[in-house]
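Q: What follows is query_20.json, made up of JSON, C-alpha atoms:
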[["chain", "number", "residue", "atom", "x", "y", "z"],
["A", 489, "MET", "CA", 101.30, 168.38, 109.45],
["A", 490, "ALA", "CA", 103.45, 166.69, 106.80],
["A", 491, "ILE", "CA", 104.64, 163.27, 107.92],
["A", 492, "THR", "CA", 108.29, 163.01, 106.91],
["A", 493, "ALA", "CA", 110.28, 159.84, 106.34],
["A", 494, "GLN", "CA", 112.59, 160.89, 109.19],
["A", 495, "LEU", "CA", 109.64, 161.10, 111.58],
["A", 496, "VAL", "CA", 108.44, 157.65, 110.55],
["A", 497, "LYS", "CA", 111.97, 156.28, 110.99],
["A", 498, "GLU", "CA", 112.20, 157.77, 114.49],
["A", 499, "LEU", "CA", 108.90, 156.21, 115.54],
["A", 500, "ARG", "CA", 109.93, 152.85, 114.11],
["A", 501, "GLU", "CA", 113.15, 152.92, 116.13],
["A", 502, "LYS", "CA", 111.25, 153.76, 119.32],
["A", 503, "THR", "CA", 108.51, 151.14, 118.93],
["A", 504, "GLY", "CA", 109.72, 148.50, 116.47],
["A", 505, "ALA", "CA", 106.36, 148.77, 114.67],
["A", 506, "GLY", "CA", 106.05, 148.49, 110.87],
["A", 507, "MET", "CA", 106.50, 151.47, 108.57],
["A", 508, "MET", "CA", 102.85, 151.69, 107.51],
["A", 509, "ASP", "CA", 101.66, 151.38, 111.11],
["A", 510, "CYS", "CA", 104.03, 154.16, 112.16],
["A", 511, "LYS", "CA", 102.92, 156.41, 109.32],
["A", 512, "LYS", "CA", 99.25, 155.87, 110.20],
["A", 513, "ALA", "CA", 99.92, 156.53, 113.89],
["A", 514, "LEU", "CA", 101.64, 159.81, 113.07],
["A", 515, "GLN", "CA", 98.81, 160.86, 110.75],
["A", 516, "GLU", "CA", 96.26, 160.10, 113.47],
["A", 517, "THR", "CA", 98.22, 162.19, 116.02],
["A", 518, "ASP", "CA", 99.30, 165.09, 113.78],
["A", 519, "GLY", "CA", 102.93, 164.07, 113.93],
["A", 520, "ASN", "CA", 103.20, 163.96, 117.74],
["A", 521, "ILE", "CA", 105.72, 161.21, 118.52],
["A", 522, "ASP", "CA", 104.62, 160.64, 122.13],
["A", 523, "GLN", "CA", 100.95, 160.43, 121.19],
["A", 524, "ALA", "CA", 101.84, 158.15, 118.27],
["A", 525, "ILE", "CA", 103.64, 155.78, 120.66],
["A", 526, "ASP", "CA", 100.53, 155.68, 122.86],
["A", 527, "TYR", "CA", 98.40, 155.09, 119.77],
["A", 528, "LEU", "CA", 100.52, 152.10, 118.77],
["A", 529, "ARG", "CA", 100.47, 150.73, 122.31],
["A", 530, "GLU", "CA", 96.68, 151.07, 122.49],
["A", 531, "LYS", "CA", 96.35, 149.17, 119.22],
["A", 532, "GLY", "CA", 98.67, 146.47, 120.53],
["A", 533, "ILE", "CA", 101.07, 147.09, 117.66],
["A", 534, "ALA", "CA", 104.06, 148.17, 119.72],
["A", 535, "LYS", "CA", 103.72, 145.11, 121.93],
["A", 536, "ALA", "CA", 103.32, 142.92, 118.87],
["A", 537, "ALA", "CA", 106.46, 144.39, 117.32],
["A", 538, "LYS", "CA", 108.53, 143.39, 120.35],
["A", 539, "LYS", "CA", 107.55, 139.79, 119.65],
["A", 540, "ALA", "CA", 108.21, 139.97, 115.91],
["A", 541, "ASP", "CA", 111.58, 138.22, 116.13],
["A", 542, "ARG", "CA", 110.21, 135.38, 118.24],
["A", 543, "ILE", "CA", 109.73, 132.01, 116.58],
["A", 544, "ALA", "CA", 106.10, 130.98, 116.06],
["A", 545, "ALA", "CA", 106.23, 127.39, 114.82],
["A", 546, "GLU", "CA", 103.27, 125.98, 116.75],
["A", 547, "GLY", "CA", 99.65, 126.69, 115.92],
["A", 548, "SER", "CA", 96.70, 125.11, 114.17],
["A", 549, "ALA", "CA", 95.30, 124.35, 110.76],
["A", 550, "PHE", "CA", 91.63, 125.21, 110.38],
["A", 551, "VAL", "CA", 88.98, 124.58, 107.74],
["A", 552, "GLU", "CA", 85.90, 126.69, 107.08],
["A", 553, "VAL", "CA", 83.25, 125.64, 104.56],
["A", 554, "GLU", "CA", 80.39, 127.81, 103.33],
["A", 555, "GLY", "CA", 78.29, 126.52, 100.46],
["A", 556, "ASN", "CA", 80.49, 125.83, 97.46],
["A", 557, "THR", "CA", 83.56, 127.55, 98.91],
["A", 558, "ALA", "CA", 86.08, 126.24, 101.43],
["A", 559, "VAL", "CA", 89.28, 127.62, 102.92],
["A", 560, "LEU", "CA", 92.21, 125.93, 104.64],
["A", 561, "ILE", "CA", 94.37, 128.19, 106.80],
["A", 562, "GLU", "CA", 97.39, 127.88, 109.09],
["A", 563, "VAL", "CA", 97.73, 130.26, 112.04],
["A", 564, "ASN", "CA", 100.95, 130.12, 114.04],
["A", 565, "CYS", "CA", 101.75, 130.87, 117.67],
["A", 566, "GLU", "CA", 104.72, 130.20, 119.96],
["A", 567, "THR", "CA", 103.38, 127.40, 122.17],
["A", 568, "ASP", "CA", 100.83, 124.64, 121.68],
["A", 569, "PHE", "CA", 99.08, 125.72, 124.90],
["A", 570, "VAL", "CA", 97.69, 128.76, 123.10],
["A", 571, "THR", "CA", 95.95, 126.61, 120.48],
["A", 572, "LYS", "CA", 93.59, 125.36, 123.20],
["A", 573, "ASN", "CA", 92.68, 128.96, 124.11],
["A", 574, "ASP", "CA", 89.12, 129.99, 123.13],
["A", 575, "GLN", "CA", 90.42, 133.37, 122.01],
["A", 576, "PHE", "CA", 92.88, 131.71, 119.61],
["A", 577, "LYS", "CA", 90.07, 129.51, 118.25],
["A", 578, "THR", "CA", 87.92, 132.60, 117.66],
["A", 579, "LEU", "CA", 90.86, 134.24, 115.89],
["A", 580, "MET", "CA", 91.11, 131.31, 113.47],
["A", 581, "GLN", "CA", 87.38, 131.34, 112.82],
["A", 582, "GLN", "CA", 87.38, 135.08, 112.12],
["A", 583, "LEU", "CA", 90.38, 134.87, 109.78],
["A", 584, "ALA", "CA", 88.89, 131.94, 107.86],
["A", 585, "LYS", "CA", 85.54, 133.73, 107.58],
["A", 586, "HIS", "CA", 87.30, 136.86, 106.33],
["A", 587, "ILE", "CA", 89.17, 134.96, 103.62],
["A", 588, "LEU", "CA", 85.98, 133.21, 102.49],
["A", 589, "THR", "CA", 84.03, 136.46, 102.17],
["A", 590, "GLN", "CA", 86.70, 138.97, 101.09],
["A", 591, "LYS", "CA", 88.66, 136.61, 98.81],
["A", 592, "PRO", "CA", 92.20, 138.01, 99.15],
["A", 593, "ALA", "CA", 94.76, 136.55, 96.75],
["A", 594, "THR", "CA", 97.68, 136.59, 99.19],
["A", 595, "VAL", "CA", 98.38, 136.80, 102.92],
["A", 596, "GLU", "CA", 99.82, 140.29, 102.38],
["A", 597, "GLU", "CA", 96.59, 141.44, 100.75],
["A", 598, "ALA", "CA", 94.50, 139.86, 103.49],
["A", 599, "LEU", "CA", 96.43, 141.66, 106.24],
["A", 600, "GLN", "CA", 95.64, 145.07, 104.74],
["A", 601, "GLN", "CA", 91.91, 144.42, 104.22],
["A", 602, "PRO", "CA", 89.29, 145.57, 106.76],
["A", 603, "LEU", "CA", 88.29, 142.53, 108.81],
["A", 604, "ASN", "CA", 85.17, 141.03, 107.20],
["A", 605, "GLY", "CA", 84.81, 144.18, 105.12],
["A", 606, "ASN", "CA", 84.64, 146.83, 107.84],
["A", 607, "GLY", "CA", 86.44, 148.28, 110.86],
["A", 608, "GLU", "CA", 90.02, 147.47, 111.78],
["A", 609, "SER", "CA", 92.37, 145.75, 109.35],
["A", 610, "VAL", "CA", 93.16, 142.05, 109.63],
["A", 611, "GLU", "CA", 96.70, 142.97, 110.70],
["A", 612, "GLU", "CA", 95.35, 145.23, 113.47],
["A", 613, "TYR", "CA", 92.99, 142.46, 114.58],
["A", 614, "ILE", "CA", 95.87, 139.98, 114.83],
["A", 615, "ASN", "CA", 98.00, 142.53, 116.71],
["A", 616, "SER", "CA", 95.24, 143.19, 119.23],
["A", 617, "ASN", "CA", 95.10, 139.43, 119.88],
["A", 618, "ILE", "CA", 98.87, 139.35, 120.33],
["A", 619, "ALA", "CA", 98.50, 142.00, 123.03],
["A", 620, "LYS", "CA", 95.81, 139.95, 124.80],
["A", 621, "ILE", "CA", 97.27, 136.46, 124.38],
["A", 622, "GLY", "CA", 100.88, 137.49, 124.92],
["A", 623, "GLU", "CA", 102.46, 135.47, 122.12],
["A", 624, "LYS", "CA", 103.51, 136.13, 118.57],
["A", 625, "LEU", "CA", 100.66, 135.15, 116.24],
["A", 626, "SER", "CA", 100.67, 135.06, 112.46],
["A", 627, "LEU", "CA", 98.47, 134.09, 109.55],
["A", 628, "ARG", "CA", 101.03, 132.00, 107.69],
["A", 629, "ARG", "CA", 99.15, 130.72, 104.64],
["A", 630, "PHE", "CA", 95.78, 129.83, 103.20],
["A", 631, "GLU", "CA", 94.20, 128.18, 100.19],
["A", 632, "THR", "CA", 90.66, 128.52, 98.92],
["A", 633, "PHE", "CA", 88.62, 125.91, 97.02],
["A", 634, "THR", "CA", 85.45, 126.07, 94.96],
["A", 635, "LYS", "CA", 83.10, 123.36, 93.74],
["A", 636, "THR", "CA", 79.75, 122.89, 92.03],
["A", 637, "ASP", "CA", 76.57, 121.47, 93.51],
["A", 638, "ALA", "CA", 77.49, 118.12, 91.90],
["A", 639, "ASP", "CA", 80.79, 117.90, 93.82],
["A", 640, "VAL", "CA", 81.80, 117.50, 97.45],
["A", 641, "PHE", "CA", 84.47, 118.80, 99.82],
["A", 642, "GLY", "CA", 86.42, 116.42, 102.02],
["A", 643, "ALA", "CA", 87.75, 118.18, 105.13],
["A", 644, "TYR", "CA", 89.81, 116.65, 107.92],
["A", 645, "ILE", "CA", 91.58, 118.17, 110.92],
["A", 646, "HIS", "CA", 94.02, 115.85, 112.70],
["A", 647, "MET", "CA", 94.87, 115.96, 116.41],
["A", 648, "GLY", "CA", 93.27, 119.30, 117.18],
["A", 649, "GLY", "CA", 94.80, 121.07, 114.21],
["A", 650, "SER", "CA", 98.33, 119.69, 113.77],
["A", 651, "ILE", "CA", 97.40, 118.70, 110.20],
["A", 652, "GLY", "CA", 94.60, 120.08, 108.04],
["A", 653, "VAL", "CA", 93.42, 118.70, 104.70],
["A", 654, "VAL", "CA", 90.86, 119.77, 102.13],
["A", 655, "THR", "CA", 90.10, 117.79, 98.98],
["A", 656, "VAL", "CA", 87.56, 118.30, 96.21],
["A", 657, "LEU", "CA", 85.83, 115.27, 94.63],
["A", 658, "GLU", "CA", 83.93, 115.75, 91.39],
["A", 659, "GLY", "CA", 80.91, 113.67, 90.37],
["A", 660, "THR", "CA", 79.74, 112.68, 93.84],
["A", 661, "ASN", "CA", 77.93, 114.10, 96.86],
["A", 662, "GLU", "CA", 79.18, 111.38, 99.21],
["A", 663, "GLU", "CA", 80.80, 113.33, 102.04],
["A", 664, "GLN", "CA", 82.14, 110.21, 103.75],
["A", 665, "ILE", "CA", 84.31, 109.06, 100.84],
["A", 666, "ALA", "CA", 85.60, 112.62, 100.43],
["A", 667, "LYS", "CA", 86.51, 112.72, 104.12],
["A", 668, "ASP", "CA", 88.14, 109.28, 103.87],
["A", 669, "ILE", "CA", 90.36, 110.55, 101.05],
["A", 670, "ALA", "CA", 91.24, 113.60, 103.15],
["A", 671, "MET", "CA", 92.18, 111.33, 106.08],
["A", 672, "HIS", "CA", 94.35, 109.26, 103.73],
["A", 673, "ILE", "CA", 96.14, 112.42, 102.59],
["A", 674, "ALA", "CA", 96.72, 113.44, 106.22],
["A", 675, "ALA", "CA", 98.25, 110.06, 107.00],
["A", 676, "VAL", "CA", 100.33, 109.35, 103.88],
["A", 677, "ASN", "CA", 101.23, 112.89, 102.75],
["A", 678, "PRO", "CA", 101.25, 112.58, 98.93],
["A", 679, "LYS", "CA", 103.07, 115.37, 97.11],
["A", 680, "TYR", "CA", 101.13, 115.16, 93.84],
["A", 681, "LEU", "CA", 97.65, 114.19, 92.67],
["A", 682, "SER", "CA", 98.74, 111.92, 89.80],
["A", 683, "ARG", "CA", 101.69, 110.91, 87.65],
["A", 684, "ASP", "CA", 100.78, 113.64, 85.17],
["A", 685, "ALA", "CA", 101.42, 116.26, 87.86],
["A", 686, "VAL", "CA", 105.06, 115.21, 88.33],
["A", 687, "SER", "CA", 107.40, 117.25, 86.14],
["A", 688, "ALA", "CA", 109.44, 115.55, 83.42],
["A", 689, "GLU", "CA", 112.54, 117.01, 85.06],
["A", 690, "ASP", "CA", 111.80, 115.30, 88.39],
["A", 691, "ILE", "CA", 111.03, 112.00, 86.63],
["A", 692, "ASP", "CA", 114.28, 112.13, 84.64],
["A", 693, "LYS", "CA", 116.24, 112.93, 87.79],
["A", 694, "GLU", "CA", 114.71, 109.98, 89.65],
["A", 695, "ARG", "CA", 115.29, 107.71, 86.65],
["A", 696, "GLU", "CA", 119.00, 108.60, 86.65],
["A", 697, "VAL", "CA", 119.28, 107.96, 90.39],
["A", 698, "LEU", "CA", 117.59, 104.55, 90.04],
["A", 699, "LYS", "CA", 119.79, 103.67, 87.06],
["A", 700, "THR", "CA", 122.95, 104.49, 89.00],
["A", 701, "GLN", "CA", 121.71, 102.45, 91.97],
["A", 702, "ALA", "CA", 121.05, 99.42, 89.77],
["A", 703, "LEU", "CA", 124.45, 99.62, 88.10],
["A", 704, "ASN", "CA", 126.16, 100.00, 91.49],
["A", 705, "GLU", "CA", 124.36, 96.83, 92.59],
["A", 706, "GLY", "CA", 126.15, 95.05, 89.76],
["A", 707, "LYS", "CA", 123.05, 94.43, 87.69],
["A", 708, "PRO", "CA", 123.67, 93.63, 83.99],
["A", 709, "ALA", "CA", 123.22, 96.68, 81.76],
["A", 710, "ASN", "CA", 120.70, 94.85, 79.55],
["A", 711, "ILE", "CA", 118.17, 94.50, 82.40],
["A", 712, "VAL", "CA", 118.83, 97.80, 84.14],
["A", 713, "GLU", "CA", 116.26, 99.70, 82.07],
["A", 714, "LYS", "CA", 113.46, 97.26, 82.99],
["A", 715, "MET", "CA", 114.48, 97.43, 86.64],
["A", 716, "VAL", "CA", 114.45, 101.21, 86.56],
["A", 717, "GLU", "CA", 110.93, 101.36, 85.14],
["A", 718, "GLY", "CA", 109.71, 98.95, 87.80],
["A", 719, "ARG", "CA", 111.29, 101.01, 90.56],
["A", 720, "LEU", "CA", 109.92, 104.18, 89.00],
["A", 721, "ASN", "CA", 106.44, 102.78, 89.57],
["A", 722, "LYS", "CA", 107.28, 102.50, 93.28],
["A", 723, "PHE", "CA", 108.44, 106.12, 93.18],
["A", 724, "PHE", "CA", 105.03, 107.20, 91.84],
["A", 725, "GLU", "CA", 103.25, 105.11, 94.46],
["A", 726, "GLU", "CA", 105.12, 106.97, 97.19],
["A", 727, "ILE", "CA", 104.40, 110.51, 96.00],
["A", 728, "CYS", "CA", 101.17, 110.42, 93.93],
["A", 729, "LEU", "CA", 97.80, 110.24, 95.69],
["A", 730, "LEU", "CA", 95.98, 108.22, 93.03],
["A", 731, "GLU", "CA", 98.78, 105.62, 92.87],
["A", 732, "GLN", "CA", 98.88, 105.00, 96.62],
["A", 733, "SER", "CA", 97.35, 102.05, 98.46],
["A", 734, "PHE", "CA", 94.29, 103.34, 100.29],
["A", 735, "VAL", "CA", 94.92, 103.41, 104.05],
["A", 736, "LYS", "CA", 91.49, 101.94, 104.90],
["A", 737, "ASP", "CA", 91.77, 99.22, 102.24],
["A", 738, "PRO", "CA", 95.43, 98.61, 101.26],
["A", 739, "ASP", "CA", 94.40, 96.05, 98.61],
["A", 740, "GLN", "CA", 93.03, 98.89, 96.48],
["A", 741, "LYS", "CA", 94.65, 102.04, 95.17],
["A", 742, "VAL", "CA", 93.06, 105.42, 95.81],
["A", 743, "LYS", "CA", 92.22, 105.80, 92.11],
["A", 744, "GLN", "CA", 90.15, 102.60, 92.26],
["A", 745, "ILE", "CA", 88.36, 103.70, 95.43],
["A", 746, "VAL", "CA", 87.20, 106.98, 93.90],
["A", 747, "LYS", "CA", 86.30, 105.25, 90.63],
["A", 748, "ASN", "CA", 84.08, 102.85, 92.58],
["A", 749, "HIS", "CA", 82.11, 105.92, 93.67],
["A", 750, "ASN", "CA", 81.97, 107.33, 90.13],
["A", 751, "ALA", "CA", 84.12, 110.22, 91.31],
["A", 752, "THR", "CA", 87.41, 111.90, 90.47],
["A", 753, "VAL", "CA", 89.75, 113.85, 92.71],
["A", 754, "LYS", "CA", 90.00, 117.39, 91.37],
["A", 755, "THR", "CA", 92.52, 118.81, 93.85],
["A", 756, "PHE", "CA", 93.74, 118.72, 97.44],
["A", 757, "ALA", "CA", 95.91, 120.58, 99.92],
["A", 758, "ARG", "CA", 97.57, 119.40, 103.10],
["A", 759, "TYR", "CA", 98.97, 121.74, 105.77],
["A", 760, "GLU", "CA", 101.17, 120.36, 108.53],
["A", 761, "VAL", "CA", 101.62, 123.05, 111.15],
["A", 762, "GLY", "CA", 105.14, 124.42, 111.38],
["A", 763, "GLU", "CA", 106.52, 122.49, 108.40],
["A", 764, "GLY", "CA", 109.43, 124.39, 106.92],
["A", 765, "ILE", "CA", 109.80, 126.68, 109.95],
["A", 766, "GLU", "CA", 113.11, 126.33, 111.76],
["A", 767, "LYS", "CA", 112.19, 125.67, 115.37],
["A", 768, "ARG", "CA", 114.35, 126.92, 118.20],
["A", 769, "GLU", "CA", 115.53, 124.03, 120.36],
["A", 770, "ASP", "CA", 115.39, 125.28, 123.95],
["A", 771, "ASN", "CA", 116.49, 123.35, 126.99],
["A", 772, "PHE", "CA", 113.42, 123.69, 129.20],
["A", 773, "ALA", "CA", 115.32, 123.13, 132.46],
["A", 774, "GLU", "CA", 117.88, 125.79, 131.53],
["A", 775, "GLU", "CA", 115.12, 128.19, 130.59],
["A", 776, "VAL", "CA", 113.40, 127.74, 133.97],
["A", 777, "MET", "CA", 116.68, 128.19, 135.84],
["A", 778, "SER", "CA", 117.46, 131.34, 133.89],
["A", 779, "GLN", "CA", 114.15, 132.80, 135.07],
["A", 780, "VAL", "CA", 114.79, 131.72, 138.67],
["A", 781, "ASN", "CA", 118.24, 133.34, 138.63],
["A", 782, "LYS", "CA", 116.73, 136.63, 137.50],
["A", 783, "LYS", "CA", 114.74, 136.86, 140.72]]
Starting from the file, lay out its structure as C-alpha cells.
A:
Amino acid sequence: MAITAQLVKELREKTGAGMMDCKKALQETDGNIDQAIDYLREKGIAKAAKKADRIAAEGSAFVEVEGNTAVLIEVNCETDFVTKNDQFKTLMQQLAKHILTQKPATVEEALQQPLNGNGESVEEYINSNIAKIGEKLSLRRFETFTKTDADVFGAYIHMGGSIGVVTVLEGTNEEQIAKDIAMHIAAVNPKYLSRDAVSAEDIDKEREVLKTQALNEGKPANIVEKMVEGRLNKFFEEICLLEQSFVKDPDQKVKQIVKNHNATVKTFARYEVGEGIEKREDNFAEEVMSQVNKK
C-alpha cells in the first residue's frame, strides 16, 4: 500500500511521533493506522514523543577511550536522580561506544545509524530507554579526538558527570600530567587554547572596552595605551588555557607546566552538563501540592 503524506500526518497527530518514525510504522503495518499506533507504542516512540516538550537539562558527561581514539559525550535527562541509574549509565556507555566505532559526524547522523552497526537505530535505542526510565533522554552533543602513539589523552569527569573534559597532549606519554591539565580545565573553564586562537575581532572589541574604561577613570590619554595592553594581558590570562596560572601550582602558567614535560597541548573540550539550556524553575512544594490536589 502506498503511504501518503496525509496518512503520515494523521499518525503524527495521533501519536506525536516524528515523521520518519510514523512513515516507517505505516510501512511495517501496510498503512493500518491502529496497528501503526501499536507499533510505535511497542517501540517506545509514542511514549517518548509525549515527553518531547519536557525540559531535559540534567544528565551526565561521559568519556570513552579506545586506543588512539576518545569521545566526550553529553546525555541529558530531566532529573539528576536518573544519572545514578544503572540503565542510564549503560545508555551512555553504549552511545559512546557507538560514536567511537561508527564515527558519525553529527548527532543527527548518529541517531539514524544502526546501534553499533546492526539492529535498531540509535534513536530507537534511546526511545526504548525513555519508555523504561520514564524521562525524556537525549544525546545532546559529542566530540571525538585522535592521537598518535607518542601522545596522550587527559580525561576527567567531575562530580559524577556534571563536567567532562578531554585534552590531547603531544610529545608525552605521561597520563598524570594530561589528567592534571584536564582537571585544571574543569576548574577554570578556559575558552581558548592560546592567544592565537582568539579572533582579532574579539581582541579589538576588548581593547576598545578597556580603553573606554581607562578614559572614564580619568587616566591621561598618553598612558592609556600602555594601560590597555597591560589589562589585555589579564584578559588573555582569564580566557586562554596556556596563559592561566596552573591550579595545582599557581606560581607557574599552564604553558610552563607542559613545557617542563616536553609536551604541547594540541586541543581540549569541556562539557558542563546543561550549559545553555534554559531550565524550568519549578516550585517543588507547589508541584507536590498540585499532585495531592489531583487525588
Q: Excluding Asn520 of chain A and residues on its chain fewer than 4 positions from it, collect all residues at most 10 Å away from it, counting all atoms listed in the file, and give them as a PyMOL selection string.
A: chain A and resi 489+491+495+499+513-516+524-525
Q: For Arg695 of chain A, which residue among A:Gly718, A:Pro708, A:Gly642, A:Gly652 is the nearest when counting all atoms listed in the file?
A: A:Gly718
Q: Atom CA of Lys699 of chain A and atom CA of Val676 of chain A are how many Å apart?
A: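 Interatomic distance here is 26.3 Å.
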Q: Give me, as an MDAnalysis selection string, all polymer residues having an atom no more than 7 Å from Phe630 of chain A, counting only C-alpha atoms and skipping those fewer than 4 positions away in the same chain.
A: chainID A and resid 559:562
Q: Any idea what the distance is between atom CA of Ile533 of chain A and atom CA of Gln600 of chain A?
A: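 For atom CA of Ile533 of chain A relative to atom CA of Gln600 of chain A, the distance reads 14.2 Å.
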Q: Counting all atoms listed in the file, which residues in segment 527-629 of chain A sit no more than 10 Å from segment 635-639 of chain A? For each one, give the nearest pair of atoms and the distance in Å, sorted by chain then residue number, as a Markdown table.
A:
| residue | atom | partner | partner_atom | distance |
| --- | --- | --- | --- | --- |
| A:Gly555 | CA | A:Asp637 | CA | 8.8 |
| A:Asn556 | CA | A:Lys635 | CA | 5.2 |
| A:Thr557 | CA | A:Lys635 | CA | 6.7 |
| A:Ala558 | CA | A:Lys635 | CA | 8.7 |
Q: If we count all atoms listed in the file and set the cut-off at 12 Å, which residues sit around Ile691 of chain A, ignoring sequence neighbours fewer than 5 positions away in its own chain? Please answer as a list in words.
A: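 The residues that qualify are Arg683, Asp684, Ala685, Val686, Glu696, Val697, Leu698, Val716, Glu717, Arg719, Leu720, Asn721, Phe723, Phe724 and Ile727 of chain A.
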Q: Closest to Val761 of chain A among A:Ile645, A:Ala688, A:Ala490, A:Ala584, using all atoms listed in the file?
A: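 The closest residue to Val761 of chain A is A:Ile645.
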Q: Which residue, A:Asp518, A:Glu713, A:Glu501, A:Glu611, has the smallest gap to Leu579 of chain A when you use only C-alpha atoms?
A: A:Glu611
Q: Expressed in Å to a single decimal, how great is the separation between atom CA of Leu599 of chain A and atom CA of Lys531 of chain A?
A: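 Rounded to one decimal, the two atoms are 15.0 Å apart.
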Q: Can you list, as a ChimeraX atom specification, every protein, DNA or RNA residue that comes within 6 Å of Val742 of chain A when you count only C-alpha atoms, leaving out same-chain residues fewer than 2 positions away?
A: /A:730,732,734,744-745
Q: Quick one: contact table of segment 601-719 of chain A to segment 502-510 of chain A, 12 Å max, nearest atom pair and distance in Å to one decimal per residue, counting only C-alpha atoms, chain and number order, as a tab-separated table?
A:
residue	atom	partner	partner_atom	distance
A:Ser609	CA	A:Asp509	CA	11.0
A:Glu611	CA	A:Asp509	CA	9.8
A:Glu612	CA	A:Asp509	CA	9.1
A:Asn615	CA	A:Ala505	CA	10.6
Q: Using all atoms listed in the file, which protein or nucleic acid residues come within 9 Å of Thr492 of chain A? Drop anything in the same chain fewer than 3 positions from it, and give the result as a VMD selection string.
A: chain A and resid 495 to 497 511 519
Q: Using all atoms listed in the file, which of A:Glu596, A:Glu662, A:Asp522, A:Glu608 sits nearest Leu627 of chain A?
A: A:Glu596
Q: From the options A:Val753, A:Val553, A:Ile614, A:Val712, which residue's atoms come nearest to Thr589 of chain A, counting only C-alpha atoms?
A: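 Comparing A:Val753, A:Val553, A:Ile614, A:Val712 against Thr589 of chain A, the winner is A:Val553.
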Q: Given the choices A:Glu694, A:His586, A:Gly622, A:Gln581, which gets closest to Gly605 of chain A if the distance is worked out from only C-alpha atoms?
A: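 So, comparing all the options, the nearest one is A:His586.
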Q: Starting from the point (92.7, 101.7, 102.2), work out which residues of protein, DNA or RNA have an atom no more than 12 Å away when counting all atoms listed in the file; state them as a list in words.
A: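 Here the neighbourhood of the point contains Ile665, Asp668, Ile669, Met671, His672, Ile673, Ala675, Val676, Leu729, Leu730, Glu731, Gln732, Ser733, Phe734, Val735, Lys736, Asp737, Pro738, Asp739, Gln740, Lys741, Val742, Lys743, Gln744, Ile745 and Val746 of chain A.
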Q: As AutoDock Vina command-line options, what would the box around segment 744-750 of chain A look like: edges along x, y and z, 3 Å added on every side, centre and edge lengths in Å to one decimal?
A:
--center_x 86.1 --center_y 105.0 --center_z 92.8 --size_x 14.2 --size_y 10.7 --size_z 11.3
